[in-house]
file final_33.txt (compact mmCIF, C-alpha atoms)
# COMPACT_ATOMS: atom_id res chain seq x y z
CA MET A 16 -14.46 -9.40 23.73
CA SER A 17 -16.91 -10.37 26.49
CA LEU A 18 -18.92 -12.78 24.33
CA ILE A 19 -17.44 -16.24 23.83
CA PRO A 20 -18.45 -18.10 20.62
CA ILE A 21 -17.52 -21.57 21.95
CA ARG A 22 -17.91 -22.57 25.58
CA TRP A 23 -17.55 -25.96 27.29
CA VAL A 24 -20.19 -26.41 30.00
CA SER A 25 -19.74 -28.97 32.78
CA GLN A 26 -22.10 -29.17 35.73
CA SER A 27 -21.65 -31.67 38.54
CA THR A 28 -24.87 -33.31 39.68
CA ARG A 29 -25.99 -36.34 41.68
CA LEU A 30 -28.16 -39.02 40.14
CA ASN A 31 -29.19 -41.94 42.38
CA ASP A 32 -26.37 -41.11 44.80
CA ASP A 33 -23.78 -41.37 41.99
CA GLU A 34 -21.94 -38.18 41.18
CA SER A 35 -21.58 -37.48 37.48
CA ASP A 36 -20.99 -34.57 35.12
CA ILE A 37 -23.55 -33.16 32.74
CA VAL A 38 -21.55 -31.82 29.81
CA ARG A 39 -22.69 -29.65 26.95
CA LEU A 40 -21.15 -27.47 24.28
CA ALA A 41 -22.51 -23.92 24.21
CA LEU A 42 -22.26 -22.18 20.83
CA LEU A 43 -23.13 -18.54 20.30
CA ASP A 44 -25.71 -18.66 17.50
CA GLN A 45 -24.06 -16.44 14.90
CA ARG A 46 -27.08 -16.61 12.60
CA LEU A 47 -28.91 -14.27 14.97
CA LEU A 48 -26.22 -11.60 15.42
CA PRO A 49 -26.23 -8.68 15.78
CA GLY A 50 -29.95 -8.54 16.55
CA GLU A 51 -30.06 -11.27 19.19
CA ILE A 52 -27.50 -12.89 21.47
CA ARG A 53 -28.38 -16.51 22.18
CA GLU A 54 -26.45 -19.69 22.88
CA VAL A 55 -27.29 -23.14 21.51
CA LEU A 56 -26.59 -26.03 23.89
CA LEU A 57 -25.49 -29.30 22.29
CA GLU A 58 -25.10 -32.76 23.80
CA ASN A 59 -23.79 -35.01 21.01
CA ALA A 60 -21.72 -35.08 17.83
CA GLN A 61 -24.73 -34.99 15.50
CA GLY A 62 -25.91 -31.79 17.13
CA VAL A 63 -22.49 -30.20 16.63
CA ALA A 64 -22.36 -31.37 12.99
CA ASP A 65 -25.78 -29.83 12.36
CA ALA A 66 -24.67 -26.59 14.01
CA ILE A 67 -21.63 -26.43 11.72
CA THR A 68 -23.68 -27.17 8.60
CA ASP A 69 -26.38 -24.67 9.58
CA MET A 70 -23.78 -21.94 10.31
CA VAL A 71 -24.55 -21.61 14.02
CA VAL A 72 -20.75 -21.69 14.26
CA ARG A 73 -18.56 -20.70 11.30
CA GLY A 74 -15.01 -19.74 10.51
CA ALA A 75 -12.45 -22.46 9.82
CA PRO A 76 -10.66 -22.41 13.21
CA ALA A 77 -13.92 -22.27 15.18
CA ILE A 78 -15.34 -25.16 13.16
CA GLY A 79 -12.32 -27.29 14.08
CA ILE A 80 -12.62 -26.42 17.76
CA ALA A 81 -16.35 -27.18 17.81
CA ALA A 82 -15.79 -30.52 16.08
CA ALA A 83 -13.16 -31.52 18.65
CA TYR A 84 -15.62 -30.83 21.44
CA GLY A 85 -18.26 -32.76 19.48
CA VAL A 86 -16.11 -35.90 19.81
CA VAL A 87 -15.90 -35.31 23.58
CA LEU A 88 -19.68 -35.01 23.79
CA GLU A 89 -20.03 -38.36 22.07
CA ALA A 90 -17.54 -39.86 24.52
CA ALA A 91 -19.76 -38.62 27.34
CA VAL A 92 -22.74 -40.35 25.71
CA SER A 93 -20.70 -43.58 25.61
CA LEU A 94 -19.99 -43.26 29.33
CA ARG A 95 -23.70 -43.04 30.07
CA GLU A 96 -24.85 -45.76 27.67
CA THR A 97 -21.95 -48.24 28.08
CA SER A 98 -21.93 -48.85 24.32
CA ASP A 99 -19.07 -49.84 22.01
CA TRP A 100 -17.21 -46.58 22.46
CA GLN A 101 -14.74 -47.10 19.63
CA ALA A 102 -17.47 -47.67 17.05
CA ARG A 103 -19.48 -44.75 18.43
CA LEU A 104 -16.55 -42.32 18.32
CA ALA A 105 -15.49 -43.47 14.85
CA ALA A 106 -19.01 -42.79 13.59
CA ALA A 107 -19.05 -39.42 15.37
CA CYS A 108 -15.82 -38.37 13.64
CA ASP A 109 -17.28 -39.34 10.26
CA VAL A 110 -20.45 -37.34 10.89
CA LEU A 111 -18.46 -34.28 11.94
CA ALA A 112 -16.07 -34.58 8.98
CA ALA A 113 -19.02 -34.45 6.56
CA SER A 114 -20.39 -31.19 7.97
CA ARG A 115 -18.23 -28.75 5.89
CA PRO A 116 -15.99 -30.01 3.06
CA THR A 117 -13.72 -27.02 2.41
CA ALA A 118 -12.41 -25.97 5.84
CA VAL A 119 -9.30 -28.12 6.38
CA ASN A 120 -9.05 -27.09 10.06
CA LEU A 121 -12.03 -29.37 10.63
CA PHE A 122 -10.11 -32.42 9.42
CA TRP A 123 -6.94 -31.34 11.25
CA ALA A 124 -8.79 -31.12 14.57
CA LEU A 125 -10.56 -34.43 14.00
CA GLY A 126 -7.21 -35.98 13.14
CA ARG A 127 -5.88 -34.98 16.54
CA MET A 128 -8.95 -36.43 18.25
CA ARG A 129 -8.60 -39.66 16.25
CA ASP A 130 -4.99 -39.91 17.42
CA VAL A 131 -6.19 -39.85 21.03
CA ILE A 132 -8.80 -42.51 20.25
CA LYS A 133 -6.15 -44.68 18.58
CA ALA A 134 -3.76 -44.29 21.53
CA HIS A 135 -6.45 -45.76 23.82
CA GLY A 136 -7.62 -48.42 21.39
CA SER A 137 -6.71 -51.32 23.65
CA SER A 138 -8.58 -49.92 26.64
CA ALA A 139 -12.10 -50.96 27.57
CA ALA A 140 -12.67 -47.57 29.20
CA VAL A 141 -13.80 -44.55 27.24
CA PRO A 142 -10.86 -42.07 27.11
CA TYR A 143 -13.12 -39.18 28.05
CA ASP A 144 -10.59 -37.21 30.11
CA ALA A 145 -7.87 -37.54 27.46
CA LEU A 146 -10.26 -36.41 24.71
CA LEU A 147 -11.42 -33.42 26.75
CA ARG A 148 -7.81 -32.39 27.44
CA GLU A 149 -7.01 -32.55 23.73
CA ALA A 150 -10.09 -30.54 22.72
CA LYS A 151 -9.28 -27.86 25.29
CA ARG A 152 -5.68 -27.77 24.07
CA ILE A 153 -6.87 -27.27 20.48
CA HIS A 154 -9.02 -24.38 21.72
CA GLU A 155 -6.21 -22.80 23.78
CA GLN A 156 -3.64 -23.30 21.03
CA ASP A 157 -5.82 -21.44 18.53
CA LEU A 158 -5.92 -18.35 20.75
CA GLU A 159 -2.15 -18.50 21.27
CA ASP A 160 -1.61 -18.85 17.51
CA ASN A 161 -3.93 -15.91 16.80
CA LEU A 162 -1.95 -13.62 19.08
CA ARG A 163 1.34 -14.60 17.41
CA MET A 164 -0.11 -14.11 13.93
CA ALA A 165 -1.44 -10.71 14.95
CA GLU A 166 2.03 -9.54 15.94
CA PHE A 167 3.61 -10.87 12.73
CA GLY A 168 0.91 -9.26 10.60
CA ALA A 169 1.25 -5.90 12.33
CA GLN A 170 4.99 -6.01 11.65
CA VAL A 171 4.31 -6.61 7.95
CA ILE A 172 1.99 -3.60 7.81
CA ALA A 173 4.51 -1.40 9.63
CA ALA A 174 7.32 -2.43 7.26
CA SER A 175 5.17 -1.61 4.22
CA LEU A 176 4.67 2.03 5.22
CA VAL A 177 7.33 4.19 3.58
CA ASP A 178 8.13 7.79 2.66
CA GLY A 179 7.07 9.15 6.03
CA VAL A 180 3.66 7.46 6.01
CA THR A 181 2.96 5.92 9.43
CA GLN A 182 -0.69 4.87 9.13
CA CYS A 183 -3.05 3.46 6.54
CA GLU A 184 -6.53 2.12 5.96
CA VAL A 185 -7.26 -1.56 5.29
CA MET A 186 -10.08 -3.62 3.79
CA THR A 187 -11.35 -6.99 4.96
CA HIS A 188 -13.86 -9.58 3.78
CA CYS A 189 -16.11 -12.04 5.63
CA ASN A 190 -15.52 -12.49 9.38
CA THR A 191 -12.17 -13.56 10.77
CA GLY A 192 -12.37 -12.25 14.31
CA ALA A 193 -12.98 -13.74 17.72
CA LEU A 194 -16.30 -15.13 16.49
CA ALA A 195 -14.55 -17.26 13.86
CA THR A 196 -11.74 -18.56 16.06
CA GLY A 197 -10.76 -19.48 19.59
CA GLY A 198 -10.35 -15.77 20.33
CA HIS A 199 -8.77 -12.53 18.97
CA GLY A 200 -9.05 -13.62 15.32
CA THR A 201 -6.87 -14.28 12.28
CA ALA A 202 -7.16 -11.45 9.73
CA LEU A 203 -9.28 -9.36 12.10
CA GLY A 204 -6.81 -10.22 14.85
CA VAL A 205 -4.03 -8.60 12.81
CA ILE A 206 -6.25 -5.58 12.27
CA ARG A 207 -7.08 -5.39 15.97
CA THR A 208 -3.42 -5.50 16.99
CA ALA A 209 -2.25 -3.13 14.24
CA TYR A 210 -4.92 -0.62 15.25
CA ALA A 211 -3.78 -0.81 18.88
CA GLN A 212 -0.25 -0.05 17.65
CA GLY A 213 -1.45 3.06 15.80
CA LEU A 214 -0.85 1.61 12.31
CA ILE A 215 -4.46 1.54 11.08
CA THR A 216 -6.84 4.49 10.94
CA ARG A 217 -9.94 2.84 9.47
CA VAL A 218 -11.22 -0.56 8.35
CA HIS A 219 -13.36 -0.97 5.23
CA VAL A 220 -15.78 -3.88 5.71
CA ASN A 221 -17.41 -5.67 2.78
CA GLU A 222 -20.93 -6.92 3.51
CA THR A 223 -20.04 -10.47 2.34
CA ARG A 224 -23.06 -11.99 0.66
CA PRO A 225 -25.17 -14.06 0.91
CA TRP A 226 -24.74 -14.67 4.68
CA TRP A 227 -23.58 -11.09 5.41
CA GLN A 228 -20.73 -12.13 7.72
CA GLY A 229 -19.11 -8.74 7.09
CA SER A 230 -22.10 -6.58 7.94
CA ARG A 231 -23.55 -8.78 10.69
CA LEU A 232 -20.38 -10.03 12.38
CA THR A 233 -17.22 -8.12 11.44
CA ALA A 234 -18.95 -4.75 11.66
CA TRP A 235 -20.40 -5.80 15.02
CA GLU A 236 -17.00 -6.88 16.38
CA LEU A 237 -15.35 -3.64 15.26
CA VAL A 238 -18.09 -1.57 16.87
CA GLN A 239 -17.60 -3.52 20.12
CA GLU A 240 -13.86 -2.79 19.95
CA LYS A 241 -14.47 0.89 19.02
CA ILE A 242 -12.24 0.53 15.95
CA PRO A 243 -13.18 3.06 13.21
CA ALA A 244 -14.82 1.18 10.36
CA ARG A 245 -17.02 1.73 7.32
CA LEU A 246 -19.37 -0.85 5.81
CA ALA A 247 -19.87 -0.94 2.04
CA VAL A 248 -21.64 -3.07 -0.54
CA GLU A 249 -19.53 -5.67 -2.37
CA GLY A 250 -19.43 -3.67 -5.58
CA ALA A 251 -17.89 -0.59 -3.94
CA ALA A 252 -14.48 -2.19 -3.35
CA SER A 253 -12.81 -0.87 -6.51
CA LEU A 254 -14.11 2.64 -5.90
CA ILE A 255 -12.81 2.58 -2.32
CA MET A 256 -9.41 1.32 -3.46
CA HIS A 257 -9.26 3.91 -6.24
CA GLN A 258 -10.13 6.75 -3.87
CA GLY A 259 -7.55 5.48 -1.40
CA ALA A 260 -4.87 5.53 -4.09
CA GLN A 261 -5.24 9.31 -4.20
CA SER A 262 -4.28 9.61 -0.52
CA PRO A 263 -0.99 8.61 1.15
CA ASP A 264 -2.88 6.98 4.02
CA GLY A 265 -5.66 5.33 1.98
CA VAL A 266 -6.31 1.59 1.66
CA ARG A 267 -2.93 -0.18 1.47
CA TRP A 268 -3.87 -3.74 2.45
CA LEU A 269 -6.65 -6.23 1.77
CA ILE A 270 -6.45 -8.56 4.79
CA VAL A 271 -8.39 -11.85 4.71
CA GLY A 272 -8.45 -15.29 6.26
CA ALA A 273 -8.42 -18.73 4.65
CA ASP A 274 -10.23 -22.04 4.83
CA ARG A 275 -7.59 -24.04 2.97
CA ILE A 276 -4.18 -23.26 1.46
CA ALA A 277 -2.66 -25.56 -1.17
CA ALA A 278 1.02 -26.50 -1.42
CA ASN A 279 1.72 -23.70 -3.90
CA GLY A 280 0.01 -20.99 -1.81
CA ASP A 281 -3.32 -20.88 -3.67
CA THR A 282 -5.90 -19.97 -1.05
CA ALA A 283 -9.57 -20.83 -0.63
CA ASN A 284 -11.55 -18.19 1.22
CA LYS A 285 -15.05 -16.75 1.33
CA ILE A 286 -16.60 -16.22 -2.11
CA GLY A 287 -15.59 -12.83 -3.48
CA THR A 288 -12.01 -12.92 -2.19
CA PHE A 289 -10.51 -13.72 -5.60
CA SER A 290 -12.24 -10.77 -7.27
CA LEU A 291 -11.09 -8.51 -4.44
CA ALA A 292 -7.50 -9.67 -4.92
CA VAL A 293 -7.71 -8.87 -8.63
CA GLN A 294 -9.08 -5.41 -7.82
CA ALA A 295 -6.34 -4.91 -5.25
CA ARG A 296 -3.64 -5.74 -7.80
CA ALA A 297 -5.13 -3.20 -10.21
CA HIS A 298 -4.96 -0.46 -7.57
CA GLY A 299 -1.59 -1.21 -6.00
CA VAL A 300 -3.18 -2.59 -2.81
CA LYS A 301 -1.31 -5.47 -1.19
CA VAL A 302 -3.04 -8.72 -0.18
CA MET A 303 -2.40 -10.45 3.14
CA VAL A 304 -3.79 -13.88 4.04
CA VAL A 305 -3.75 -14.73 7.75
CA ALA A 306 -4.19 -18.38 8.74
CA PRO A 307 -2.75 -20.92 11.17
CA LEU A 308 -0.61 -23.78 9.95
CA ALA A 309 -3.60 -26.12 10.34
CA THR A 310 -5.12 -24.40 7.29
CA PHE A 311 -2.37 -25.66 4.96
CA ASP A 312 -3.05 -28.81 2.95
CA ALA A 313 0.24 -29.93 1.41
CA THR A 314 -1.50 -32.93 -0.17
CA LEU A 315 -3.12 -30.58 -2.69
CA ALA A 316 -0.80 -29.30 -5.42
CA SER A 317 -2.86 -26.21 -6.23
CA GLY A 318 -6.15 -24.49 -5.67
CA ASP A 319 -7.66 -26.47 -8.53
CA ASP A 320 -7.71 -29.46 -6.15
CA ILE A 321 -9.54 -27.69 -3.32
CA PRO A 322 -13.18 -28.87 -2.97
CA ILE A 323 -15.56 -25.92 -3.18
CA GLU A 324 -18.71 -26.19 -1.09
CA THR A 325 -22.00 -25.03 -2.59
CA ARG A 326 -25.04 -24.31 -0.48
CA ASP A 327 -28.80 -24.32 -0.84
CA ALA A 328 -30.36 -22.12 -3.51
CA SER A 329 -32.78 -20.62 -0.97
CA GLU A 330 -29.92 -18.54 0.46
CA LEU A 331 -29.93 -16.50 -2.76
CA ARG A 332 -33.64 -16.65 -3.50
CA GLN A 333 -34.54 -15.29 -0.06
CA ALA A 334 -33.40 -12.59 2.36
CA GLY A 335 -34.69 -13.84 5.67
CA ASN A 336 -38.33 -14.69 5.06
CA ARG A 337 -38.64 -12.38 2.07
CA LYS A 338 -38.45 -13.83 -1.43
CA ILE A 339 -36.09 -11.80 -3.63
CA ALA A 340 -35.81 -14.10 -6.68
CA PRO A 341 -38.26 -16.37 -8.52
CA ASP A 342 -38.29 -20.03 -7.53
CA GLU A 343 -37.76 -21.02 -11.18
CA ILE A 344 -34.38 -19.29 -11.60
CA ASP A 345 -31.31 -21.53 -11.62
CA VAL A 346 -28.95 -20.69 -8.75
CA PHE A 347 -25.19 -21.09 -8.28
CA ASN A 348 -24.27 -20.58 -4.62
CA PRO A 349 -20.60 -21.39 -3.99
CA VAL A 350 -19.35 -20.56 -0.50
CA PHE A 351 -15.68 -20.13 -1.44
CA ASP A 352 -13.41 -19.22 -4.31
CA VAL A 353 -9.67 -19.71 -4.77
CA THR A 354 -7.19 -16.85 -5.01
CA PRO A 355 -4.09 -17.89 -7.01
CA HIS A 356 -0.87 -17.39 -5.07
CA GLY A 357 0.38 -14.84 -7.60
CA TYR A 358 -2.18 -12.36 -6.28
CA ILE A 359 -1.06 -12.79 -2.64
CA ASP A 360 1.74 -10.64 -1.22
CA ALA A 361 2.06 -12.29 2.19
CA ILE A 362 0.71 -15.27 4.09
CA VAL A 363 0.96 -14.76 7.84
CA THR A 364 1.07 -17.81 10.12
CA GLU A 365 1.95 -18.48 13.75
CA HIS A 366 5.33 -19.74 12.48
CA GLY A 367 6.18 -16.60 10.54
CA VAL A 368 5.45 -14.83 7.26
CA VAL A 369 5.77 -16.08 3.69
CA GLU A 370 6.12 -13.27 1.18
CA SER A 371 5.23 -13.87 -2.48
CA PRO A 372 4.16 -17.45 -1.68
CA ASP A 373 4.95 -20.33 -4.02
CA ASN A 374 5.81 -24.03 -3.78
CA ASP A 375 9.32 -23.45 -2.46
CA SER A 376 8.46 -20.83 0.16
CA ILE A 377 5.46 -22.81 1.43
CA ALA A 378 7.56 -25.99 1.66
CA ALA A 379 10.23 -24.07 3.57
CA LEU A 380 7.64 -22.74 6.02
CA LEU A 381 6.17 -26.18 6.64
CA GLY A 382 9.64 -27.63 7.07
CA ARG A 383 10.61 -25.01 9.67
CA ALA A 384 7.39 -25.61 11.54
CA MET A 385 7.96 -29.39 11.66
CA ARG A 386 11.48 -28.87 13.00
CA GLY A 387 9.97 -26.82 15.83
call {"tool": "encode", "arguments": {"input": "final_33.txt", "output": "structure tokens"}}
result
Amino acid sequence: MSLIPIRWVSQSTRLNDDESDIVRLALLDQRLLPGEIREVLLENAQGVADAITDMVVRGAPAIGIAAAYGVVLEAAVSLRETSDWQARLAAACDVLAASRPTAVNLFWALGRMRDVIKAHGSSAAVPYDALLREAKRIHEQDLEDNLRMAEFGAQVIAASLVDGVTQCEVMTHCNTGALATGGHGTALGVIRTAYAQGLITRVHVNETRPWWQGSRLTAWELVQEKIPARLAVEGAASLIMHQGAQSPDGVRWLIVGADRIAANGDTANKIGTFSLAVQARAHGVKVMVVAPLATFDATLASGDDIPIETRDASELRQAGNRKIAPDEIDVFNPVFDVTPHGYIDAIVTEHGVVESPDNDSIAALLGRAMRG
């Protein structure tokens, strides 16, 4: 993909004979896609936090990466203003942490940045270079993890094809591609790799209301990649699965990402995922969740403990500038729902695959990962 959703910008300049770097974070404004391609340039942590809240950048891995760079931006401000850098960076981390409550990758990335800050706590100098190295490593690591997950996921799809069937169709929800990550994608990364290996013939894309990440972003990415795809309204999923059940190469997998996974394998993802998993079970379609290890939150026993973000009512009362519901109507606008682990056939991570996830299998995965 030629377009990069997150880009670190550094430009050397001379001010009063002193050489310094002007640093900014460039975010592709995903609210405008596919109609307009425009970057937003940010210079401090508050700007990054606002961009995360306002959905300029979205997708759990991408949110974590952007937040890490937001800490670096604030370190650059400290260099210029010679302020109490520890207090400034602590406040910056708090502001960034408050931007989206459900995506655990955000807190994982900020935890890594806080570790760097702590390691330099006795220094009077702002640890700008160390923070920038860590943010870039988080970014690079996400791409590496995506590529590993894509290979694991493609292997799972290949192993599921039996009785002479060599290809199938898949369905996906929300956007989990390069736009939502450091590159390649999680669930869409698996789809991209599996298609390249000749395992997938077509992708069914749900529109994903109310922000339309499926129709605006996933459909756009698939068109860019020239991967055969069909967009459908949310309510068509059962019909598509039912029709696919009549064909040996119909829809065989629902492949989605995750924003947080509890210790028992319950998974929070974009609103509508749970209902899709129920529909998949009714039609014999398998469910695959693709997420890096940073998405797991072993401190939460089950999905009942996952905080569910709700957003402004205007997102449902309006479509763009057009009012589609009366102002007086009460609105419930959750961003995520939780799919119980019993509806999930496989969770694919960069450290391998967990089939039929539960407490024991998730604990075993996390244990293997910690041992290296």
call {"tool": "atom_distance", "arguments": {"input": "final_33.txt", "atom1": "atom CA of A:Gly280", "atom2": "atom CA of A:Phe311"}}
result
8.6 Å
call {"tool": "closest_atom_pairs", "arguments": {"input": "final_33.txt", "of": "stretch 137-247 of chain A", "to": "stretch 100-115 of chain A", "cutoff": "10 Å", "atoms": "only C-alpha atoms", "output": "Markdown table"}}
result
| residue | atom | partner | partner_atom | distance |
| --- | --- | --- | --- | --- |
| A:Ser137 | CA | A:Gln101 | CA | 9.9 |
| A:Ser138 | CA | A:Gln101 | CA | 9.7 |
| A:Ala139 | CA | A:Trp100 | CA | 8.5 |
| A:Ala140 | CA | A:Trp100 | CA | 8.2 |
| A:Val141 | CA | A:Trp100 | CA | 6.2 |
| A:Pro142 | CA | A:Trp100 | CA | 9.1 |
call {"tool": "closest_residue", "arguments": {"input": "final_33.txt", "among": "A:Ala306, A:Ile377, A:Ala41, A:Ile276", "to": "A:Thr196", "atoms": "all atoms listed in the file"}}
result
A:Ala306
call {"tool": "residues_around", "arguments": {"input": "final_33.txt", "residues": "A:Val24", "least_positions_apart": "5", "cutoff": "12 Å", "atoms": "all atoms listed in the file", "output": "list in words"}}
result
Asp36, Ile37, Val38, Arg39, Leu40, Ala41, Leu42, Glu54, Val55, Leu56, Leu57, Glu58, Tyr84, Val87, Leu88, Leu147 and Lys151 of chain A
call {"tool": "residues_around", "arguments": {"input": "final_33.txt", "residues": "A:Met186", "least_positions_apart": "2", "cutoff": "10 Å", "atoms": "all atoms listed in the file", "output": "VMD selection string"}}
result
chain A and resid 184 188 206 217 to 221 244 to 246 252 255 to 256 266 to 271 291 295 300 302
call {"tool": "closest_residue", "arguments": {"input": "final_33.txt", "among": "A:Ala247, A:Ala60, A:Ala328, A:Met164", "to": "A:Asp345", "atoms": "all atoms listed in the file"}}
result
A:Ala328
call {"tool": "closest_residue", "arguments": {"input": "final_33.txt", "among": "A:Gly272, A:Pro341, A:Gly299, A:Gly179", "to": "A:Gly259", "atoms": "all atoms listed in the file"}}
result
A:Gly299
call {"tool": "residues_around", "arguments": {"input": "final_33.txt", "residues": "A:Asp69", "least_positions_apart": "4", "cutoff": "10 Å", "atoms": "all atoms listed in the file", "output": "VMD selection string"}}
result
chain A and resid 44 46 63 to 65 73 114 to 115
call {"tool": "residues_around", "arguments": {"input": "final_33.txt", "residues": "A:Leu308", "least_positions_apart": "6", "cutoff": "8 Å", "atoms": "all atoms listed in the file", "output": "NGL selection string"}}
result
:A and (364-366 or 381)
call {"tool": "atom_distance", "arguments": {"input": "final_33.txt", "atom1": "atom CA of A:Ala150", "atom2": "atom CA of A:Leu203"}}
result
23.7 Å
call {"tool": "build_atoms", "arguments": {"input": "final_33.txt", "residues": "stretch 124-138 of chain A", "atoms": "N, CA, C and O atoms", "output": "mmCIF file, in the frame of the given file"}}
result
data_model
loop_
_atom_site.group_PDB
_atom_site.id
_atom_site.type_symbol
_atom_site.label_atom_id
_atom_site.label_comp_id
_atom_site.auth_asym_id
_atom_site.auth_seq_id
_atom_site.Cartn_x
_atom_site.Cartn_y
_atom_site.Cartn_z
ATOM 1 N N ALA A 124 -8.362 -30.934 13.179
ATOM 2 C CA ALA A 124 -8.790 -31.120 14.570
ATOM 3 C C ALA A 124 -9.288 -32.537 14.800
ATOM 4 O O ALA A 124 -8.963 -33.174 15.815
ATOM 5 N N LEU A 125 -10.070 -33.049 13.862
ATOM 6 C CA LEU A 125 -10.560 -34.430 14.000
ATOM 7 C C LEU A 125 -9.412 -35.425 13.939
ATOM 8 O O LEU A 125 -9.451 -36.468 14.604
ATOM 9 N N GLY A 126 -8.381 -35.111 13.173
ATOM 10 C CA GLY A 126 -7.210 -35.980 13.140
ATOM 11 C C GLY A 126 -6.546 -36.081 14.498
ATOM 12 O O GLY A 126 -6.116 -37.172 14.921
ATOM 13 N N ARG A 127 -6.463 -34.961 15.193
ATOM 14 C CA ARG A 127 -5.880 -34.980 16.540
ATOM 15 C C ARG A 127 -6.748 -35.789 17.501
ATOM 16 O O ARG A 127 -6.239 -36.532 18.344
ATOM 17 N N MET A 128 -8.056 -35.660 17.378
ATOM 18 C CA MET A 128 -8.950 -36.430 18.250
ATOM 19 C C MET A 128 -8.869 -37.923 17.915
ATOM 20 O O MET A 128 -8.888 -38.774 18.815
ATOM 21 N N ARG A 129 -8.739 -38.260 16.635
ATOM 22 C CA ARG A 129 -8.600 -39.660 16.250
ATOM 23 C C ARG A 129 -7.303 -40.261 16.780
ATOM 24 O O ARG A 129 -7.241 -41.443 17.121
ATOM 25 N N ASP A 130 -6.252 -39.433 16.855
ATOM 26 C CA ASP A 130 -4.990 -39.910 17.420
ATOM 27 C C ASP A 130 -5.154 -40.308 18.888
ATOM 28 O O ASP A 130 -4.581 -41.302 19.342
ATOM 29 N N VAL A 131 -5.932 -39.520 19.627
ATOM 30 C CA VAL A 131 -6.190 -39.850 21.030
ATOM 31 C C VAL A 131 -6.985 -41.159 21.115
ATOM 32 O O VAL A 131 -6.690 -42.035 21.941
ATOM 33 N N ILE A 132 -7.996 -41.282 20.270
ATOM 34 C CA ILE A 132 -8.800 -42.510 20.250
ATOM 35 C C ILE A 132 -7.919 -43.723 19.950
ATOM 36 O O ILE A 132 -7.997 -44.757 20.621
ATOM 37 N N LYS A 133 -7.039 -43.580 18.962
ATOM 38 C CA LYS A 133 -6.150 -44.680 18.580
ATOM 39 C C LYS A 133 -5.200 -45.054 19.721
ATOM 40 O O LYS A 133 -4.926 -46.237 19.961
ATOM 41 N N ALA A 134 -4.702 -44.041 20.435
ATOM 42 C CA ALA A 134 -3.760 -44.290 21.530
ATOM 43 C C ALA A 134 -4.398 -45.088 22.657
ATOM 44 O O ALA A 134 -3.695 -45.728 23.445
ATOM 45 N N HIS A 135 -5.729 -45.032 22.761
ATOM 46 C CA HIS A 135 -6.450 -45.760 23.820
ATOM 47 C C HIS A 135 -7.232 -46.937 23.248
ATOM 48 O O HIS A 135 -8.161 -47.439 23.884
ATOM 49 N N GLY A 136 -6.849 -47.398 22.071
ATOM 50 C CA GLY A 136 -7.620 -48.420 21.390
ATOM 51 C C GLY A 136 -7.688 -49.752 22.101
ATOM 52 O O GLY A 136 -8.638 -50.518 21.903
ATOM 53 N N SER A 137 -6.711 -50.043 22.937
ATOM 54 C CA SER A 137 -6.710 -51.320 23.650
ATOM 55 C C SER A 137 -7.413 -51.257 24.997
ATOM 56 O O SER A 137 -7.492 -52.257 25.708
ATOM 57 N N SER A 138 -7.933 -50.102 25.343
ATOM 58 C CA SER A 138 -8.580 -49.920 26.640
ATOM 59 C C SER A 138 -10.083 -50.152 26.530
ATOM 60 O O SER A 138 -10.725 -49.752 25.551
#
